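Asker: Structure file upload-v8.txt (compact mmCIF, C-alpha atoms) is given on the next line.
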# COMPACT_ATOMS: atom_id res chain seq x y z
CA MET A 1 -56.53 31.74 -53.04
CA LYS A 2 -56.97 29.66 -56.18
CA ARG A 3 -58.50 32.56 -58.07
CA GLU A 4 -59.39 36.18 -57.60
CA LEU A 5 -62.42 37.16 -55.53
CA THR A 6 -65.17 38.50 -57.75
CA VAL A 7 -68.41 40.33 -57.19
CA ASP A 8 -70.35 37.24 -58.20
CA ASP A 9 -68.66 35.29 -55.41
CA LEU A 10 -69.66 37.89 -52.88
CA VAL A 11 -73.24 37.96 -54.18
CA VAL A 12 -73.56 34.16 -54.04
CA ALA A 13 -72.03 34.05 -50.57
CA GLY A 14 -74.31 36.84 -49.38
CA ILE A 15 -77.36 35.10 -50.81
CA ALA A 16 -76.38 31.80 -49.11
CA LEU A 17 -75.84 33.54 -45.78
CA ALA A 18 -79.10 35.49 -46.11
CA VAL A 19 -81.00 32.31 -46.97
CA GLY A 20 -79.54 30.63 -43.91
CA LEU A 21 -80.54 33.54 -41.66
CA LEU A 22 -84.04 33.69 -43.17
CA ALA A 23 -84.46 29.94 -42.74
CA ALA A 24 -83.33 30.22 -39.13
CA VAL A 25 -85.88 32.97 -38.43
CA LEU A 26 -88.71 31.09 -40.13
CA LEU A 27 -87.86 27.86 -38.36
CA ARG A 28 -87.73 29.72 -35.06
CA MET A 29 -91.24 31.06 -35.70
CA LEU A 30 -92.40 27.57 -36.66
CA MET A 31 -90.98 26.13 -33.43
CA ARG A 32 -92.80 28.79 -31.41
CA TRP A 33 -96.05 27.86 -33.12
CA LEU A 34 -95.45 24.19 -32.38
CA GLY A 35 -94.61 25.09 -28.79
CA ARG A 36 -97.98 26.80 -28.31
CA HIS A 37 -99.76 23.70 -29.59
CA ALA A 38 -97.59 21.44 -27.43
CA ASP A 39 -98.65 23.40 -24.34
CA ARG A 40 -102.24 22.33 -24.96
CA THR A 41 -101.48 18.61 -24.79
CA ARG A 42 -101.34 16.57 -21.58
CA TRP A 43 -98.06 14.89 -22.47
CA SER A 44 -95.12 16.98 -21.27
CA GLY A 45 -92.62 15.20 -23.50
CA ASP A 46 -93.64 17.15 -26.61
CA ASP A 47 -92.85 20.41 -24.81
CA VAL A 48 -89.31 19.19 -24.14
CA ILE A 49 -88.84 18.03 -27.75
CA VAL A 50 -90.09 21.30 -29.21
CA ASP A 51 -87.87 23.24 -26.81
CA ALA A 52 -84.86 21.28 -28.05
CA LEU A 53 -85.75 21.78 -31.72
CA ARG A 54 -86.35 25.48 -31.09
CA THR A 55 -82.63 25.87 -30.42
CA VAL A 56 -80.98 23.25 -32.63
CA VAL A 57 -82.96 23.70 -35.86
CA PRO A 58 -82.41 27.48 -36.32
CA TRP A 59 -78.71 27.16 -35.49
CA SER A 60 -78.39 24.28 -37.94
CA ALA A 61 -79.99 26.38 -40.67
CA PHE A 62 -77.65 29.29 -39.94
CA THR A 63 -74.60 26.99 -39.90
CA ALA A 64 -75.64 25.46 -43.21
CA GLY A 65 -76.01 28.91 -44.75
CA ALA A 66 -72.61 29.98 -43.43
CA ALA A 67 -71.02 26.79 -44.78
CA ALA A 68 -72.58 27.37 -48.20
CA ALA A 69 -71.35 30.95 -48.17
CA ALA A 70 -67.83 29.79 -47.32
CA ALA A 71 -67.96 27.22 -50.12
CA ALA A 72 -68.95 29.90 -52.62
CA LEU A 73 -65.89 31.98 -51.81
CA PRO A 74 -62.47 31.17 -53.34
CA LEU A 75 -60.82 30.35 -50.01
CA THR A 76 -57.56 28.50 -49.61
CA ARG A 77 -57.61 24.98 -48.28
CA THR A 78 -56.33 26.07 -44.87
CA VAL A 79 -58.85 28.88 -44.45
CA GLY A 80 -61.70 26.70 -45.71
CA HIS A 81 -60.71 23.96 -43.28
CA ASN A 82 -60.60 26.40 -40.38
CA VAL A 83 -63.99 27.85 -41.29
CA ASN A 84 -65.55 24.39 -41.51
CA GLN A 85 -64.03 23.41 -38.18
CA THR A 86 -65.33 26.57 -36.55
CA LEU A 87 -68.84 25.98 -37.83
CA THR A 88 -68.69 22.33 -36.78
CA VAL A 89 -67.54 23.23 -33.28
CA LEU A 90 -70.33 25.82 -33.04
CA LEU A 91 -72.93 23.24 -34.06
CA ILE A 92 -71.52 20.63 -31.65
CA ALA A 93 -71.55 23.13 -28.78
CA VAL A 94 -75.16 24.15 -29.45
CA THR A 95 -76.22 20.50 -29.76
CA THR A 96 -74.40 19.51 -26.57
CA LEU A 97 -75.86 22.28 -24.47
CA THR A 98 -79.34 21.65 -25.86
CA THR A 99 -79.05 17.92 -25.23
CA ALA A 100 -77.90 18.52 -21.65
CA ARG A 101 -80.86 20.83 -21.01
CA VAL A 102 -83.38 18.50 -22.65
CA VAL A 103 -82.18 15.35 -20.91
CA SER A 104 -82.03 17.06 -17.52
CA THR A 105 -85.54 18.41 -18.06
CA LEU A 106 -86.81 14.96 -19.00
CA VAL A 107 -85.21 13.43 -15.92
CA ARG A 108 -86.69 16.12 -13.70
CA THR A 109 -90.13 15.65 -15.31
CA VAL A 110 -90.04 11.88 -14.85
CA THR A 111 -88.90 12.08 -11.24
CA GLN A 112 -91.54 14.65 -10.35
CA SER A 113 -94.30 12.52 -11.87
CA ARG A 114 -93.34 9.40 -9.91
CA SER A 115 -93.62 9.35 -6.15
CA ALA A 116 -91.15 6.48 -5.82
CA VAL A 117 -88.35 8.48 -7.42
CA ALA A 118 -86.51 11.53 -6.18
CA GLY A 119 -88.97 14.27 -6.87
CA SER A 120 -86.96 17.49 -7.01
CA ALA A 121 -83.54 16.10 -6.14
CA THR A 122 -80.94 17.94 -8.22
CA ILE A 123 -78.13 15.42 -7.78
CA PHE A 124 -79.18 13.22 -10.72
CA VAL A 125 -79.89 16.21 -12.93
CA ASN A 126 -76.50 17.78 -12.19
CA ILE A 127 -74.61 14.53 -12.82
CA ILE A 128 -76.35 13.98 -16.15
CA ARG A 129 -75.70 17.56 -17.23
CA VAL A 130 -71.98 17.36 -16.36
CA VAL A 131 -71.57 14.02 -18.16
CA ILE A 132 -73.20 15.27 -21.37
CA VAL A 133 -71.18 18.50 -21.39
CA ALA A 134 -67.98 16.55 -20.78
CA LEU A 135 -68.74 14.21 -23.69
CA GLY A 136 -69.47 17.19 -25.94
CA PHE A 137 -66.16 18.77 -24.94
CA LEU A 138 -64.30 15.58 -25.85
CA VAL A 139 -66.06 15.48 -29.24
CA VAL A 140 -65.00 19.10 -29.86
CA LEU A 141 -61.38 18.25 -29.07
CA GLN A 142 -61.50 15.24 -31.36
CA THR A 143 -62.98 17.42 -34.13
CA LEU A 144 -60.15 19.93 -33.73
CA GLY A 145 -57.63 17.12 -34.12
CA VAL A 146 -56.55 17.03 -30.47
CA SER A 147 -55.89 13.49 -29.26
CA ILE A 148 -57.96 12.78 -26.15
CA ALA A 149 -56.18 9.53 -25.20
CA PRO A 150 -53.33 11.27 -23.28
CA MET A 151 -55.88 13.52 -21.62
CA LEU A 152 -57.93 10.55 -20.44
CA THR A 153 -54.78 8.91 -19.10
CA ALA A 154 -53.79 12.08 -17.25
CA LEU A 155 -57.30 12.40 -15.85
CA GLY A 156 -57.14 8.82 -14.62
CA VAL A 157 -53.87 9.41 -12.78
CA GLY A 158 -54.91 12.84 -11.49
CA GLY A 159 -58.26 11.46 -10.41
CA LEU A 160 -56.56 9.44 -7.67
CA ALA A 161 -54.99 12.56 -6.20
CA VAL A 162 -58.27 14.44 -6.47
CA ALA A 163 -60.14 11.57 -4.81
CA LEU A 164 -57.73 11.62 -1.86
CA ALA A 165 -57.99 15.39 -1.51
CA LEU A 166 -61.79 15.42 -1.75
CA GLN A 167 -62.66 12.44 0.42
CA ASP A 168 -65.41 14.23 2.33
CA THR A 169 -66.94 15.73 -0.81
CA LEU A 170 -66.95 12.39 -2.63
CA ALA A 171 -68.32 10.66 0.46
CA ASN A 172 -71.23 13.11 0.51
CA LEU A 173 -71.76 12.64 -3.23
CA PHE A 174 -71.97 8.86 -3.08
CA ALA A 175 -74.00 9.03 0.12
CA GLY A 176 -76.53 11.22 -1.66
CA ILE A 177 -76.69 8.80 -4.59
CA HIS A 178 -77.15 5.90 -2.17
CA ILE A 179 -79.94 7.68 -0.30
CA LEU A 180 -81.86 8.41 -3.49
CA ALA A 181 -81.23 4.99 -5.03
CA SER A 182 -82.42 3.19 -1.89
CA LYS A 183 -85.57 5.36 -1.85
CA THR A 184 -85.46 5.71 1.92
CA VAL A 185 -85.70 9.51 1.72
CA GLN A 186 -87.25 11.58 -1.03
CA PRO A 187 -87.92 15.32 -1.32
CA GLY A 188 -91.21 16.09 0.39
CA ASP A 189 -90.74 13.50 3.15
CA TYR A 190 -90.91 14.52 6.80
CA ILE A 191 -87.94 13.05 8.66
CA ARG A 192 -86.55 13.13 12.19
CA LEU A 193 -82.92 12.35 12.95
CA SER A 194 -81.59 10.80 16.14
CA SER A 195 -79.68 14.04 16.72
CA GLY A 196 -82.98 15.95 16.94
CA GLU A 197 -83.21 17.69 13.55
CA GLU A 198 -86.54 17.23 11.82
CA GLY A 199 -88.53 18.74 8.98
CA TYR A 200 -89.56 18.36 5.34
CA VAL A 201 -86.82 17.36 2.89
CA GLU A 202 -86.53 20.19 0.36
CA ASP A 203 -83.74 18.90 -1.87
CA ILE A 204 -80.86 16.43 -2.04
CA ASN A 205 -77.92 17.69 -4.08
CA TRP A 206 -74.38 16.43 -4.64
CA ARG A 207 -73.15 17.52 -1.19
CA GLN A 208 -75.99 18.12 1.26
CA THR A 209 -79.62 17.60 2.09
CA THR A 210 -81.78 20.64 2.82
CA VAL A 211 -84.55 20.18 5.39
CA ARG A 212 -87.22 22.79 6.13
CA ALA A 213 -88.30 22.72 9.77
CA LEU A 214 -91.84 23.52 10.87
CA SER A 215 -90.53 26.91 11.99
CA ASN A 216 -89.76 27.54 8.28
CA ASN A 217 -86.00 27.54 8.92
CA LEU A 218 -83.65 25.57 6.68
CA VAL A 219 -81.46 22.86 8.19
CA VAL A 220 -78.51 21.80 6.03
CA ILE A 221 -77.29 18.25 6.66
CA PRO A 222 -74.27 16.69 4.87
CA ASN A 223 -75.30 13.58 2.96
CA GLY A 224 -72.70 11.50 4.77
CA GLU A 225 -74.13 12.44 8.16
CA LEU A 226 -77.66 11.73 6.97
CA ALA A 227 -76.67 8.27 5.71
CA LYS A 228 -75.08 7.38 9.05
CA SER A 229 -77.84 8.74 11.31
CA ASN A 230 -80.75 6.82 12.77
CA MET A 231 -83.74 8.37 11.06
CA THR A 232 -87.51 8.15 11.22
CA ASN A 233 -89.36 8.84 7.98
CA PHE A 234 -92.96 9.77 8.72
CA MET A 235 -93.95 9.52 5.04
CA ARG A 236 -92.82 5.92 4.44
CA PRO A 237 -94.19 3.40 3.70
CA GLU A 238 -97.32 5.56 3.56
CA GLN A 239 -98.15 9.17 4.26
CA GLN A 240 -101.06 8.57 6.62
CA LEU A 241 -100.20 7.84 10.25
CA THR A 242 -101.85 7.43 13.63
CA ILE A 243 -101.25 9.53 16.72
CA LEU A 244 -101.90 8.73 20.37
CA VAL A 245 -103.58 11.07 22.85
CA GLN A 246 -103.49 10.18 26.54
CA VAL A 247 -106.67 10.88 28.58
CA GLY A 248 -107.78 10.08 32.13
CA VAL A 249 -111.17 10.05 33.89
CA ALA A 250 -112.26 9.72 37.51
CA TYR A 251 -112.73 6.31 39.15
CA ASP A 252 -116.45 6.86 39.60
CA SER A 253 -116.99 7.30 35.84
CA ASP A 254 -119.03 4.85 33.78
CA LEU A 255 -116.33 3.52 31.43
CA GLU A 256 -118.84 2.30 28.85
CA HIS A 257 -120.29 5.80 28.73
CA VAL A 258 -116.80 7.36 28.57
CA GLU A 259 -115.82 5.08 25.69
CA ARG A 260 -118.99 5.80 23.74
CA VAL A 261 -118.71 9.58 24.15
CA THR A 262 -115.01 9.60 23.27
CA ILE A 263 -115.62 7.54 20.12
CA GLU A 264 -118.33 9.98 19.05
CA VAL A 265 -115.95 12.91 19.47
CA VAL A 266 -113.24 11.09 17.51
CA ALA A 267 -115.65 10.35 14.65
CA GLU A 268 -116.73 13.99 14.63
CA VAL A 269 -113.14 15.24 14.43
CA MET A 270 -112.22 12.73 11.72
CA THR A 271 -115.03 13.90 9.44
CA GLU A 272 -114.98 17.64 10.07
CA ILE A 273 -111.31 18.64 10.48
CA THR A 274 -109.08 19.19 7.45
CA GLY A 275 -106.16 16.76 7.38
CA ALA A 276 -107.93 13.98 9.29
CA VAL A 277 -108.70 10.54 7.84
CA PRO A 278 -112.50 10.26 7.49
CA ASP A 279 -112.50 6.45 7.23
CA HIS A 280 -110.32 6.01 10.32
CA GLU A 281 -111.86 3.64 12.87
CA PRO A 282 -112.15 5.40 16.27
CA LEU A 283 -110.22 3.47 18.90
CA VAL A 284 -110.16 3.88 22.68
CA ARG A 285 -108.00 1.62 24.86
CA PHE A 286 -108.04 1.71 28.67
CA HIS A 287 -104.67 0.77 30.12
CA THR A 288 -103.85 2.16 33.58
CA PHE A 289 -105.25 2.44 37.11
CA GLY A 290 -103.48 5.64 38.09
CA ASP A 291 -103.21 7.40 41.43
CA SER A 292 -106.30 9.50 40.83
CA ARG A 293 -107.65 8.45 37.44
CA ILE A 294 -108.18 5.62 35.00
CA GLY A 295 -105.94 6.29 32.02
CA PHE A 296 -106.70 5.40 28.43
CA THR A 297 -105.33 6.10 24.96
CA VAL A 298 -107.27 7.59 22.06
CA ILE A 299 -105.94 6.73 18.59
CA LEU A 300 -106.50 9.32 15.85
CA GLY A 301 -105.76 9.11 12.13
CA VAL A 302 -104.02 12.01 10.32
CA GLY A 303 -103.29 12.56 6.67
CA GLU A 304 -99.67 13.62 7.14
CA PHE A 305 -97.28 14.58 9.92
CA SER A 306 -97.98 18.31 10.23
CA ASP A 307 -101.76 17.74 10.41
CA GLN A 308 -101.47 16.15 13.85
CA PHE A 309 -101.10 19.46 15.67
CA ARG A 310 -104.35 20.89 14.32
CA ILE A 311 -106.20 17.61 14.90
CA LYS A 312 -104.95 17.25 18.49
CA HIS A 313 -105.94 20.85 19.15
CA GLU A 314 -109.49 20.37 17.93
CA PHE A 315 -109.90 16.96 19.56
CA ILE A 316 -108.85 18.13 23.03
CA LYS A 317 -111.15 21.17 22.87
CA ARG A 318 -114.16 19.16 21.71
CA LEU A 319 -113.52 16.29 24.12
CA HIS A 320 -113.24 18.65 27.09
CA ARG A 321 -116.45 20.44 26.10
CA ARG A 322 -118.30 17.14 25.60
CA TYR A 323 -117.07 15.69 28.91
CA ARG A 324 -118.35 18.76 30.75
CA ALA A 325 -121.72 18.42 29.04
CA GLU A 326 -121.91 14.69 29.89
CA GLY A 327 -120.76 15.16 33.49
CA ILE A 328 -117.56 13.16 33.04
CA ARG A 329 -114.82 14.37 35.38
CA ILE A 330 -111.14 14.65 34.49
CA PRO A 331 -109.66 14.73 38.03
CA ALA A 332 -106.64 16.78 39.01
CA PRO A 333 -103.72 14.87 40.58
CA THR A 334 -104.06 14.49 44.38
CA ARG A 335 -101.61 13.59 47.14
CA THR A 336 -102.18 12.55 50.77
CA VAL A 337 -100.23 14.78 53.16
CA ALA A 338 -99.11 13.29 56.52
CA LEU A 339 -98.09 15.77 59.21
CA GLN A 340 -95.14 14.86 61.41
CA GLN A 341 -93.29 16.87 64.00
CA GLY A 342 -90.83 19.16 62.27
CA ALA A 343 -91.69 18.24 58.67
CA VAL A 344 -94.42 17.82 56.10
CA VAL A 345 -94.06 14.45 54.39
CA ILE A 346 -95.92 13.52 51.22
CA PRO A 347 -95.83 9.74 50.92
CA GLN A 348 -95.93 8.40 47.41
CA GLN A 349 -95.29 5.13 45.72
CA ARG A 350 -91.87 4.43 44.27
CA GLY A 351 -91.74 5.39 40.63
CA ALA A 352 -94.81 7.60 40.84
CA GLU A 353 -94.60 10.80 38.86
CA VAL A 354 -94.56 14.17 40.58
CA GLU A 355 -96.55 16.85 38.87
CA PRO A 356 -94.66 20.06 37.97
CA GLY A 357 -94.82 22.60 40.80
CA GLU A 358 -95.51 20.00 43.52
CA MET A 359 -93.32 19.53 46.63
CA THR A 360 -92.53 16.13 48.08
CA SER A 361 -91.50 17.44 51.51
CA ALA A 362 -90.90 20.67 53.37
CA ARG A 363 -89.51 21.72 56.74
CA LEU A 364 -91.81 23.32 59.28
CA ASP A 365 -90.05 26.06 61.20
Output the file's structure in the form of structure tokens.

Answerer:
Amino acid sequence: MKRELTVDDLVVAGIALAVGLLAAVLLRMLMRWLGRHADRTRWSGDDVIVDALRTVVPWSAFTAGAAAAAAALPLTRTVGHNVNQTLTVLLIAVTTLTTARVVSTLVRTVTQSRSAVAGSATIFVNIIRVVIVALGFLVVLQTLGVSIAPMLTALGVGGLAVALALQDTLANLFAGIHILASKTVQPGDYIRLSSGEEGYVEDINWRQTTVRALSNNLVVIPNGELAKSNMTNFMRPEQQLTILVQVGVAYDSDLEHVERVTIEVVAEVMTEITGAVPDHEPLVRFHTFGDSRIGFTVILGVGEFSDQFRIKHEFIKRLHRRYRAEGIRIPAPTRTVALQQGAVVIPQQRGAEVEPGEMTSARLD
């Protein structure tokens, strides 16, 4: 010490430290007040900014008070240097962590507000957070006088060995980045893989994609496997889709009447059932002279993939009830049975379908 420690030094240091603490408390209260006002605005960016200032500003005030208190004391050069370094490292750490949280929150807010970007995908948020923390750690080392050049060189050499040892993990990481960057799959999309898995995409992280099936079970798919699979995305390029329902009527039916009645039922379902597309144009297309019926396809519009089950359910019930009221028959499949000695033979055309439970031939004992 350059001189003896006196009571005045302790008083001045205590006052400086107390002022720093009081300023930190007052600034914290001010940030809370600003936060309440920011919650009332439509712009979400002010909430993120106030949240960042709520942490950084009080800690800065406390650090400044501690630095002033240290300057008021007759410390040696070594002790003073160590105290300043400690306070600087503390401030850098608080700033780094706050910056990582704020930037990740901003990224998450932007992605959730734009349908063309990964909505709740955590892979981008995690990468940004790790990069910012790593940069803050390097700044702390540089502040402490530790040379980071040899460390960067060692990381470059060791990175090759790590890359070889973690080939699958890195493949999944870059596959996830590719999937999100190409915008072929986003959280919230309903997908179906060629291997049979299907459901709503819950999240895409650095290693895997989580899909929630309609049974509410989670299916975990490695990003590499997802990138290599043939996939159908039922939400792209638009969420609305059309579904086909196959119907058949008897040969003696008036097809003009059948078409008119069916279109009326379709229009009724489209306007009354939740999840349907009210402005969808009802379409009926006759296509087949079957064995016992004339087959046609009814095209329905649905808002999104899971709505089709409810819409099909209601359409079939209402169409069946309306056909019965209009006297339109939906015939059951029939077969002509020819009796021969020793066997019952059911002749049928090649390629004709056999209904479940039917027999094509049987021995007569």

Asker: Within 10 Å of A:Leu97, counting all atoms listed in the file, which residues qualify if same-chain residues fewer than 6 places away don't, as a PyMOL selection string?

Answerer: chain A and resi 52+55-56+129+132-133+136

Asker: Can you spit out the residues from that selection as a short mmCIF file (atom, residue, chain, number, x, y, z; two decimals), keeping the file's coordinate frame, using C-alpha atoms?

Answerer:
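Ended up saving to again32.cif:
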data_model
loop_
_atom_site.label_atom_id
_atom_site.label_comp_id
_atom_site.auth_asym_id
_atom_site.auth_seq_id
_atom_site.Cartn_x
_atom_site.Cartn_y
_atom_site.Cartn_z
CA ALA A 52 -84.86 21.28 -28.05
CA THR A 55 -82.63 25.87 -30.42
CA VAL A 56 -80.98 23.25 -32.63
CA ARG A 129 -75.70 17.56 -17.23
CA ILE A 132 -73.20 15.27 -21.37
CA VAL A 133 -71.18 18.50 -21.39
CA GLY A 136 -69.47 17.19 -25.94
#

Asker: Grab the atom CA of A:Thr271 to atom CA of A:Phe305 distance for me, in Å with one decimal place.

Answerer: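 Value for the atom CA of A:Thr271-atom CA of A:Phe305 distance: 17.8 Å.
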
Asker: Stretch 238-248 of chain A: which residues within 9 Å, counting all atoms listed in the file, same-chain residues fewer than 3 positions away excluded, as a PyMOL selection string?

Answerer: chain A and resi 189+234-235+277+288+290+292-305+308+312+316+329-331

Asker: Using all atoms listed in the file, can you tell me which of A:Leu87, A:Val103, A:Leu17, A:Ile127 comes closest to A:Ala72?

Answerer: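 Answer, going by the shortest atom-to-atom distance: A:Leu17.
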
Asker: Measuring between all atoms listed in the file, which one of A:Ala69, A:Thr232, A:Leu30, A:Asn126 shows the shortest distance to A:Asp51?

Answerer: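 Closest to A:Asp51 of all the choices is A:Leu30.
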
Asker: Might you pull out every residue within 12 Å of A:Gly20, with all atoms listed in the file counted and same-chain residues fewer than 3 positions away left off, and present them as JSON, numbers by chain?

Answerer: {"A": [13, 14, 15, 16, 17, 23, 24, 25, 26, 27, 57, 58, 59, 60, 61, 62, 63, 64, 65, 66, 67, 68, 69]}

Asker: Nearest residue to A:Ile148 out of A:Pro74, A:Ala134, A:Val7, A:Thr274, using all atoms listed in the file?

Answerer: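 Of A:Pro74, A:Ala134, A:Val7, A:Thr274, the one nearest A:Ile148 is A:Ala134, counting all atoms listed in the file.
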
Asker: Rounded to one decimal in Å, what is the spacing between atom CA of A:Gly275 and atom CA of A:Asp307?

Answerer: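 Answer for the atom CA of A:Gly275 to atom CA of A:Asp307 separation: 5.4 Å.
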
Asker: Interatomic distance between atom CA of A:Ser194 and atom CA of A:Val220?

Answerer: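 For atom CA of A:Ser194 relative to atom CA of A:Val220, the distance reads 15.3 Å.
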
Asker: With all atoms listed in the file as the basis for distance, which of A:Ile191, A:Val89, A:Val139, A:Ala276 is at the shortest distance from A:Phe309?

Answerer: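 So, comparing all the options, the nearest one is A:Ala276.
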
Asker: Counting all atoms listed in the file, which residues come within 6 Å of (-80.2, 18.0, -17.9), with the point read in the file's coordinates, and could you list them as an MDAnalysis selection string?

Answerer: chainID A and resid 100:105 125 128:129

Asker: Determine the nearest neighbour of A:Glu264 from the options A:Asp291, A:Gly196, A:Glu281, A:Arg28, counting only C-alpha atoms.

Answerer: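 Nearest candidate to A:Glu264 out of A:Asp291, A:Gly196, A:Glu281, A:Arg28: A:Glu281.
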
Asker: Could you pull the residues within 7 Å of A:Phe315, counting only C-alpha atoms, minus those fewer than 4 positions along the same chain, as number ranges by chain?

Answerer: A: 269, 311, 319

Asker: Considering all atoms listed in the file, state which residue in the set A:Thr78, A:Asn230, A:Asn172, A:Thr153 is at the smallest distance from A:Gln208.

Answerer: A:Asn172

Asker: Neighbours of A:Lys317 within 12 Å (all atoms listed in the file; same-chain residues fewer than 6 positions away dropped), as an MDAnalysis selection string?

Answerer: chainID A and resid 265:266 269 310:311 323:324
